[in-house]
>>> print(open('coords-v7.cif').read())   # mmCIF, C-alpha atoms
data_my_file
#
loop_
_atom_site.label_atom_id
_atom_site.label_comp_id
_atom_site.auth_asym_id
_atom_site.auth_seq_id
_atom_site.Cartn_x
_atom_site.Cartn_y
_atom_site.Cartn_z
CA MET A 1 93.70 101.45 90.99
CA CYS A 2 92.43 104.29 93.13
CA GLU A 3 91.63 104.75 96.79
CA MET A 4 88.14 105.65 97.93
CA CYS A 5 86.12 105.92 101.14
CA GLY A 6 82.46 106.39 101.99
CA TYR A 7 80.55 107.62 105.03
CA VAL A 8 76.90 107.15 106.00
CA GLY A 9 76.17 108.92 109.26
CA ARG A 10 73.27 110.01 111.41
CA LYS A 11 74.44 113.39 112.68
CA LYS A 12 78.09 114.13 111.83
CA ALA A 13 79.05 115.99 108.66
CA ALA A 14 80.60 113.51 106.24
CA ALA A 15 83.10 115.69 104.34
CA PRO A 16 85.58 116.51 107.17
CA ILE A 17 85.64 112.85 108.22
CA LEU A 18 86.10 111.66 104.65
CA LEU A 19 88.97 114.08 104.16
CA GLU A 20 90.77 112.59 107.17
CA TYR A 21 90.07 109.06 105.92
CA GLY A 22 91.46 109.97 102.52
CA LYS A 23 94.64 111.52 103.89
CA ARG A 24 95.55 108.20 105.51
CA VAL A 25 95.30 106.12 102.33
CA GLU A 26 95.66 108.39 99.28
CA GLY A 27 99.39 107.74 98.95
CA LEU A 28 98.98 103.98 98.81
CA TRP A 29 97.83 104.01 95.21
CA SER A 30 96.66 107.43 94.10
CA GLY A 31 96.93 111.15 94.91
CA TYR A 32 96.76 112.62 91.39
CA ILE A 33 93.19 113.98 91.45
CA THR A 34 91.17 114.40 94.66
CA GLY A 35 87.41 114.72 95.02
CA ILE A 36 84.71 114.69 97.70
CA GLY A 37 80.99 114.34 97.05
CA VAL A 38 78.22 114.71 99.64
CA GLN A 39 74.46 114.42 99.92
CA ASP A 40 72.36 116.74 102.07
CA ALA A 41 69.26 115.64 103.97
CA ASP A 42 67.02 116.89 101.15
CA GLY A 43 68.85 114.64 98.69
CA SER A 44 70.80 117.39 96.92
CA LEU A 45 74.26 116.38 95.69
CA GLU A 46 77.41 118.51 95.73
CA MET A 47 81.04 117.77 94.82
CA LYS A 48 84.42 119.49 94.82
CA LYS A 49 87.52 118.12 93.08
CA THR A 50 90.95 119.28 92.03
CA LEU A 51 94.25 118.14 90.60
CA GLY A 52 96.75 116.95 93.19
CA TYR A 53 96.41 115.24 96.56
CA SER A 54 94.46 116.29 99.65
CA LYS A 55 96.78 119.22 100.45
CA HIS A 56 95.79 120.90 97.21
CA TRP A 57 92.11 120.11 97.83
CA GLU A 58 92.30 121.86 101.21
CA GLU A 59 93.98 124.89 99.64
CA LYS A 60 90.93 125.36 97.39
CA PHE A 61 87.97 124.07 99.37
CA ASP A 62 86.56 123.97 102.91
CA ALA A 63 85.30 120.54 103.94
CA SER A 64 83.06 122.04 106.61
CA ALA A 65 81.19 123.95 103.88
CA LEU A 66 80.01 120.70 102.28
CA LYS A 67 76.75 119.84 104.02
CA GLY A 68 75.49 116.31 104.43
CA THR A 69 75.96 113.20 106.55
CA VAL A 70 76.50 110.92 103.54
CA GLY A 71 79.34 111.12 101.04
CA PHE A 72 82.47 109.72 99.51
CA PHE A 73 86.13 110.58 98.96
CA HIS A 74 88.11 109.56 95.90
CA SER A 75 91.80 109.85 95.06
CA ARG A 76 92.81 108.92 91.54
CA THR A 77 95.71 106.73 90.55
CA GLY A 78 98.80 107.68 88.55
CA ALA A 79 97.06 106.48 85.41
CA ALA A 80 95.59 109.99 85.41
CA LYS A 81 99.01 111.54 84.85
CA GLY A 82 99.02 113.63 81.72
CA VAL A 83 95.25 114.12 81.49
CA GLY A 84 95.60 117.75 82.56
CA HIS A 85 92.19 118.49 84.09
CA GLU A 86 90.16 117.64 87.18
CA ARG A 87 87.11 116.89 85.00
CA TYR A 88 88.61 113.42 84.60
CA GLY A 89 88.72 112.85 88.35
CA HIS A 90 85.95 111.44 90.51
CA PRO A 91 83.20 111.97 91.58
CA PHE A 92 81.08 112.21 88.44
CA ILE A 93 77.58 113.64 88.51
CA SER A 94 74.74 113.14 86.03
CA ASP A 95 73.60 116.07 83.91
CA ASP A 96 70.37 116.37 85.92
CA ALA A 97 72.28 116.25 89.25
CA THR A 98 70.33 113.23 90.52
CA CYS A 99 73.13 110.62 90.53
CA MET A 100 76.75 110.88 91.65
CA ALA A 101 79.37 108.13 91.61
CA VAL A 102 82.97 107.20 92.36
CA SER A 103 84.71 104.07 91.11
CA GLN A 104 88.00 102.24 91.22
CA GLY A 105 89.31 99.34 89.21
CA ALA A 106 90.04 98.50 85.57
CA TRP A 107 88.61 96.61 82.59
CA GLY A 108 90.57 93.49 83.56
CA ILE A 109 89.26 90.32 81.94
CA PHE A 110 86.42 92.27 80.30
CA ALA A 111 88.76 94.46 78.22
CA GLU A 112 88.54 92.43 75.02
CA ASN A 113 84.76 92.15 74.81
CA TYR A 114 83.86 95.50 76.37
CA GLY A 115 86.45 98.27 76.80
CA SER A 116 86.38 101.43 74.70
CA PRO A 117 83.93 100.18 72.01
CA CYS A 118 81.38 99.49 74.74
CA ILE A 119 81.80 102.96 76.27
CA ARG A 120 81.50 104.62 72.87
CA LYS A 121 78.35 102.62 72.06
CA ILE A 122 76.64 103.39 75.36
CA GLY A 123 77.89 106.98 75.42
CA ASN A 124 76.52 107.65 71.93
CA MET A 125 73.22 105.98 72.85
CA LEU A 126 72.89 108.31 75.84
CA LEU A 127 73.73 111.33 73.67
CA GLU A 128 70.91 110.31 71.32
CA GLN A 129 68.60 110.19 74.34
CA GLY A 130 69.48 113.79 75.15
CA ARG A 131 71.96 113.14 77.95
CA SER A 132 75.35 114.81 78.43
CA PHE A 133 78.53 114.15 80.42
CA CYS A 134 80.34 116.31 82.96
CA SER A 135 83.75 115.05 81.77
CA ALA A 136 83.08 115.79 78.08
CA ASP A 137 85.80 117.83 76.38
CA LYS A 138 87.25 118.15 72.90
CA ASN A 139 90.90 117.15 73.28
CA GLU A 140 93.47 114.65 72.02
CA TRP A 141 93.84 112.51 75.15
CA GLU A 142 93.38 109.10 73.63
CA ARG A 143 92.97 107.28 76.92
CA TYR A 144 89.46 108.80 77.03
CA HIS A 145 86.60 107.69 74.84
CA LEU A 146 85.70 109.62 71.68
CA LEU A 147 81.96 110.06 71.14
CA SER A 148 80.01 111.03 68.05
CA ASP A 149 79.82 114.70 69.08
CA GLY A 150 83.63 114.96 69.03
CA THR A 151 84.11 114.99 72.79
CA ARG A 152 86.07 112.55 74.93
CA VAL A 153 84.62 111.25 78.18
CA HIS A 154 85.70 109.21 81.19
CA MET A 155 84.20 105.73 81.33
CA SER A 156 82.96 106.22 84.92
CA ASP A 157 81.08 109.30 83.74
CA VAL A 158 79.25 107.10 81.22
CA VAL A 159 78.54 104.55 83.98
CA THR A 160 77.09 107.34 86.14
CA VAL A 161 74.77 108.68 83.45
CA LEU A 162 73.71 105.18 82.35
CA CYS A 163 72.76 104.27 85.92
CA ASP A 164 70.85 107.54 86.23
CA GLN A 165 69.00 106.81 82.98
CA LEU A 166 68.07 103.36 84.30
CA MET A 167 66.88 104.93 87.55
CA ARG A 168 64.43 106.95 85.44
CA LYS A 169 63.19 103.65 84.01
CA TYR A 170 63.00 101.58 87.20
CA ASN A 171 63.19 103.96 90.18
CA ASP A 172 64.90 101.02 91.87
CA PRO A 173 68.61 101.38 92.71
CA PHE A 174 69.30 97.63 92.69
CA LYS A 175 67.67 97.10 89.29
CA ALA A 176 69.48 100.15 87.87
CA MET A 177 72.87 99.11 89.26
CA ARG A 178 72.51 95.49 88.16
CA GLU A 179 71.68 96.45 84.58
CA THR A 180 74.51 99.01 84.58
CA ALA A 181 77.02 96.39 85.74
CA LEU A 182 75.84 93.86 83.16
CA THR A 183 75.94 96.44 80.35
CA ILE A 184 79.36 97.93 81.14
CA ARG A 185 81.40 95.09 82.63
CA GLU A 186 84.60 95.94 84.47
CA GLU A 187 86.70 94.67 87.34
CA SER A 188 85.73 97.50 89.65
CA ALA A 189 83.80 98.75 92.64
CA THR A 190 81.48 101.74 92.22
CA MET A 191 79.57 103.70 94.85
CA PHE A 192 76.47 105.78 94.05
CA MET A 193 74.32 108.41 95.71
CA PHE A 194 70.85 109.06 94.27
CA LYS A 195 68.93 112.27 94.93
CA GLU A 196 65.70 110.37 95.52
CA TYR A 197 67.33 108.17 98.19
CA PRO A 198 68.95 110.45 100.81
CA GLY A 199 70.68 108.66 103.67
CA HIS A 200 71.84 105.76 101.50
CA LEU A 201 75.14 104.85 99.90
CA PHE A 202 74.62 102.29 97.14
CA GLY A 203 77.18 100.29 95.22
CA ILE A 204 78.37 97.59 92.85
CA ASN A 205 81.34 95.42 93.75
CA MET A 206 82.53 93.12 91.00
CA ASN A 207 85.78 91.93 92.62
CA GLN A 208 87.48 94.76 94.48
CA ARG A 209 88.30 95.30 98.14
CA LEU A 210 85.73 97.22 100.18
CA CYS A 211 85.56 96.93 103.96
CA ALA A 212 82.88 98.39 106.21
CA TYR A 213 83.46 99.85 109.67
CA PHE A 214 80.52 100.13 112.08
CA HIS A 215 80.71 103.02 114.54
CA GLU A 216 78.52 105.16 116.81
CA ASP A 217 77.38 107.56 114.09
CA GLY A 218 76.76 104.97 111.38
CA ILE A 219 78.89 103.03 108.88
CA SER A 220 82.01 103.87 106.91
CA VAL A 221 83.48 101.98 103.97
CA ALA A 222 86.91 102.08 102.35
CA THR A 223 89.28 100.25 100.04
CA CYS A 224 91.78 100.07 102.92
CA SER A 225 90.98 99.92 106.64
CA LEU A 226 93.94 102.19 107.39
CA ALA A 227 91.48 104.95 106.48
CA PHE A 228 89.79 104.39 109.84
CA GLY A 229 92.93 104.99 111.91
CA ASN A 230 96.37 103.68 112.75
CA GLU A 231 95.03 100.96 115.06
CA ARG A 232 93.34 97.78 113.88
CA VAL A 233 89.53 97.91 113.98
CA ASN A 234 86.93 95.25 113.30
CA THR A 235 85.56 95.51 109.78
CA MET A 236 83.21 93.57 107.53
CA GLU A 237 84.16 92.67 103.97
CA ILE A 238 81.71 93.60 101.23
CA PRO A 239 81.92 90.58 98.92
CA GLY A 240 82.59 90.56 95.22
CA ASN A 241 79.81 89.89 92.72
CA SER A 242 77.45 91.95 94.86
CA LEU A 243 75.21 95.00 95.04
CA PHE A 244 74.89 96.86 98.32
CA ASP A 245 72.89 99.54 100.11
CA ILE A 246 74.44 101.14 103.20
CA THR A 247 72.42 103.16 105.71
CA PRO A 248 73.47 104.23 109.23
CA ASP A 249 71.66 101.17 110.57
CA GLY A 250 73.07 98.40 108.37
CA ILE A 251 74.04 96.99 105.00
CA LYS A 252 71.81 95.19 102.54
CA ILE A 253 73.67 92.96 100.08
CA GLU A 254 72.39 91.11 97.03
CA LYS A 255 74.20 88.90 94.55
CA LEU A 256 74.99 90.77 91.35
CA SER A 257 74.62 87.90 88.86
CA ASP A 258 74.92 84.14 88.48
CA GLU A 259 76.99 84.85 85.36
CA PHE A 260 80.05 85.75 87.40
CA GLN A 261 82.13 83.23 89.31
CA LEU A 262 84.95 84.59 91.41
CA TRP A 263 88.16 82.61 91.77
CA GLU A 264 88.04 82.03 95.53
CA LYS A 265 91.18 80.01 96.11
CA ILE A 266 93.86 82.10 97.86
CA PRO A 267 97.37 80.89 96.95
CA ALA A 268 99.56 79.79 99.83
CA GLY A 269 102.49 81.82 101.10
CA MET A 270 101.30 85.23 99.93
CA LEU A 271 101.81 86.99 103.27
CA GLU A 272 105.41 85.78 103.48
CA SER A 273 106.03 86.73 99.85
CA PHE A 274 104.60 90.21 100.49
CA PHE A 275 106.87 90.72 103.50
CA ASN A 276 109.97 89.39 101.74
CA TRP A 277 109.43 91.70 98.76
CA CYS A 278 109.23 94.69 101.12
CA LYS A 279 112.32 93.49 102.96
CA ASN A 280 114.33 93.16 99.76
CA THR A 281 112.90 96.20 97.97
CA PRO A 282 113.21 99.32 100.15
CA ASN A 283 110.73 102.16 99.56
CA THR A 284 108.44 99.92 97.55
CA LEU A 285 104.89 100.82 96.57
CA LEU A 286 101.72 98.80 97.03
CA ALA A 287 101.17 98.60 93.27
CA HIS A 288 104.65 97.11 92.82
CA VAL A 289 103.93 94.42 95.39
CA MET A 290 100.69 93.47 93.67
CA ASP A 291 102.16 93.40 90.17
CA ASN A 292 105.43 91.64 90.99
CA VAL A 293 104.46 89.32 93.84
CA LEU A 294 100.74 88.72 94.22
CA LYS A 295 99.09 88.71 90.79
CA THR A 296 101.64 86.22 89.50
CA ASN A 297 100.07 83.56 91.76
CA TYR A 298 96.78 83.58 89.85
CA PRO A 299 95.80 82.06 86.50
CA ASP A 300 95.25 84.44 83.62
CA ASN A 301 91.75 85.42 82.50
CA VAL A 302 89.92 84.53 85.69
CA LEU A 303 87.76 86.87 87.74
CA ARG A 304 89.69 87.03 90.97
CA HIS A 305 90.24 89.32 93.92
CA VAL A 306 93.90 89.84 94.80
CA PRO A 307 94.02 90.59 98.57
CA THR A 308 96.67 93.32 98.33
CA HIS A 309 95.17 95.70 100.88
CA GLU A 310 94.28 92.90 103.29
CA LEU A 311 97.84 91.52 103.35
CA PHE A 312 99.29 95.00 103.73
CA GLU A 313 96.94 95.73 106.63
CA GLN A 314 97.88 92.53 108.43
CA LEU A 315 101.59 93.28 108.23
CA TYR A 316 101.11 96.98 109.02
CA PHE A 317 98.87 96.48 112.05
CA ASP A 318 101.13 93.67 113.28
CA GLY A 319 103.92 96.25 113.42
CA LYS A 320 106.05 94.68 110.69
CA LEU A 321 105.75 97.47 108.10
CA PHE A 322 105.64 101.24 108.15
CA ILE A 323 104.89 103.84 105.49
CA THR A 324 106.44 107.20 104.70
CA ASN A 325 104.48 109.71 102.66
CA LYS A 326 106.46 111.73 100.13
CA GLU A 327 105.37 114.31 97.58
CA TYR A 328 105.81 113.28 93.99
CA PRO A 329 105.36 115.13 90.68
CA GLY A 330 101.72 115.09 89.70
CA ILE A 331 99.67 116.72 86.96
CA GLY A 332 100.79 120.26 86.17
CA VAL A 333 102.04 122.18 89.22
CA GLU A 334 100.00 120.15 91.72
CA ASN A 335 101.93 117.39 93.44
CA SER A 336 100.86 113.84 94.02
CA ILE A 337 101.81 111.80 97.08
CA ARG A 338 103.24 108.33 97.52
CA SER A 339 103.30 106.04 100.54
CA GLU A 340 106.63 104.23 100.47
CA ILE A 341 106.56 100.93 102.32
CA ASN A 342 109.45 99.59 104.39
CA VAL A 343 110.10 96.85 106.94
CA LYS A 344 110.52 97.90 110.57
#
>>> encode(input="coords-v7.cif", output="structure tokens")
Amino acid sequence: MCEMCGYVGRKKAAAPILLEYGKRVEGLWSGYITGIGVQDADGSLEMKKTLGYSKHWEEKFDASALKGTVGFFHSRTGAAKGVGHERYGHPFISDDATCMAVSQGAWGIFAENYGSPCIRKIGNMLLEQGRSFCSADKNEWERYHLLSDGTRVHMSDVVTVLCDQLMRKYNDPFKAMRETALTIREESATMFMFKEYPGHLFGINMNQRLCAYFHEDGISVATCSLAFGNERVNTMEIPGNSLFDITPDGIKIEKLSDEFQLWEKIPAGMLESFFNWCKNTPNTLLAHVMDNVLKTNYPDNVLRHVPTHELFEQLYFDGKLFITNKEYPGIGVENSIRSEINVK
């Protein structure tokens, strides 16, 4: 799991705001590789990313130098540990610089029928069509997908280029995203910016948490509403099994596919179980709560959304929990950061 945020504004520069959003949530689940991507008014796309958490990003880059009122922030999970290079962090950009994306999630129930063989098949198909990948590198990191040209690539890079290729075919973001999601199936949420559609933030949400916050300058979106500040704000949930298009004036949502049926029943007692785990397990992490307390309430092999962030937010904004951010060994010399959770 990763943490990510998006911003679609009318006048304010997105990057400085996204950086502040990211600082509030990066330690909850990520902090190993940090990236920000923005889109200028003319549609041009630009990104900056580095190993480590936001402190290291700020040491290398200036958020105010990234121009554009639309963009996204991404902080990668500890699954990135050992990969050794920021090329495997988000965002990813297509080889023609017309599509940029960030994603968070995992294969989940689709691992057996899709997974690495699917990425290799689609990646090799795109190579044959003359496309290339920004994450491509000849190395021995087996967690990345080996293509026919001897390079290994990140799966989200393949998703980005596939969606861009489908945009060439359809010139319709919803058609391109739908076919992408049906071709490479994963339990994830992915946000896109397309050069030909400035002022829009598009996305696919299979079953992850994304909440939208409406404000004076436009609309923001994040995996955790703590990104928007330390006080509770009203947000709108972007549902699973959906495609979306966010502009400063609103959100358009369509159903992704009738093929997918989300498990909608929320098991009883999850908020109390969450709190009790934190009470009995000092300095716990959000991932530990999900794995040890929440996921165990669901049947195996069903497409479900586990409301980890939502339960955390309720307890946090009710004043029952607090977090302490601590640096933690990351990749190479750059540190990661962890938000330890405790009961007040």
>>> residues_around(input="coords-v7.cif", residues="region 155-158 of chain A", least_positions_apart="2", cutoff="8 Å", atoms="all atoms listed in the file", output="PyMOL selection string")
chain A and resi 92-94+101-103+119+122-123+133-135+144-145+153+160-162
>>> closest_residue(input="coords-v7.cif", among="A:Met270, A:Ile36, A:Leu243, A:Ile204", to="Ser64 (chain A)", atoms="all atoms listed in the file")
A:Ile36
>>> atom_distance(input="coords-v7.cif", atom1="CA of Cys2 (chain A)", atom2="CA of Thr98 (chain A)")
24.0 Å
>>> resolve_selection(input="coords-v7.cif", expression="the PyMOL selection byres ((chain A and resi 53) around 6)", output="PyMOL selection string")
chain A and resi 31-32+34+52+54-56+336
>>> resolve_selection(input="coords-v7.cif", expression="the PyMOL selection byres ((chain A and resi 252) around 12)", output="JSON, numbers by chain")
{"A": [174, 200, 201, 202, 203, 204, 238, 239, 242, 243, 244, 245, 246, 247, 248, 249, 250, 251, 253, 254, 255]}
>>> closest_residue(input="coords-v7.cif", among="A:Asn301, A:Thr281, A:Ser220, A:Asn335", to="Ser30 (chain A)", atoms="only C-alpha atoms")
A:Asn335
>>> resolve_selection(input="coords-v7.cif", expression="the PyMOL selection byres ((chain A and resi 42-48) around 10)", output="PyMOL selection string")
chain A and resi 15+34-41+49-50+57+60-63+66-68+70-73+86+90-93+97-100+193-200
>>> residues_near_point(input="coords-v7.cif", point="(97.2, 105.3, 116.4)", cutoff="12 Å", atoms="only C-alpha atoms", output="JSON, numbers by chain")
{"A": [24, 226, 227, 228, 229, 230, 231, 232, 233, 316, 317, 319]}
>>> closest_residue(input="coords-v7.cif", among="A:Ser188, A:Thr69, A:Asn139, A:Thr308", to="Thr151 (chain A)", atoms="only C-alpha atoms")
A:Asn139
>>> residues_around(input="coords-v7.cif", residues="Phe260 (chain A)", least_positions_apart="6", cutoff="9 Å", atoms="only C-alpha atoms", output="PyMOL selection string")
chain A and resi 206+241+303
>>> write_last_selection(input="coords-v7.cif", atoms="C-alpha atoms", output="PDB file, in the coordinates of the input")
ATOM      1  CA  MET A 206      82.530  93.120  91.000  1.00  0.00           C
ATOM      2  CA  ASN A 241      79.810  89.890  92.720  1.00  0.00           C
ATOM      3  CA  LEU A 303      87.760  86.870  87.740  1.00  0.00           C
TER       4      LEU A 303
END
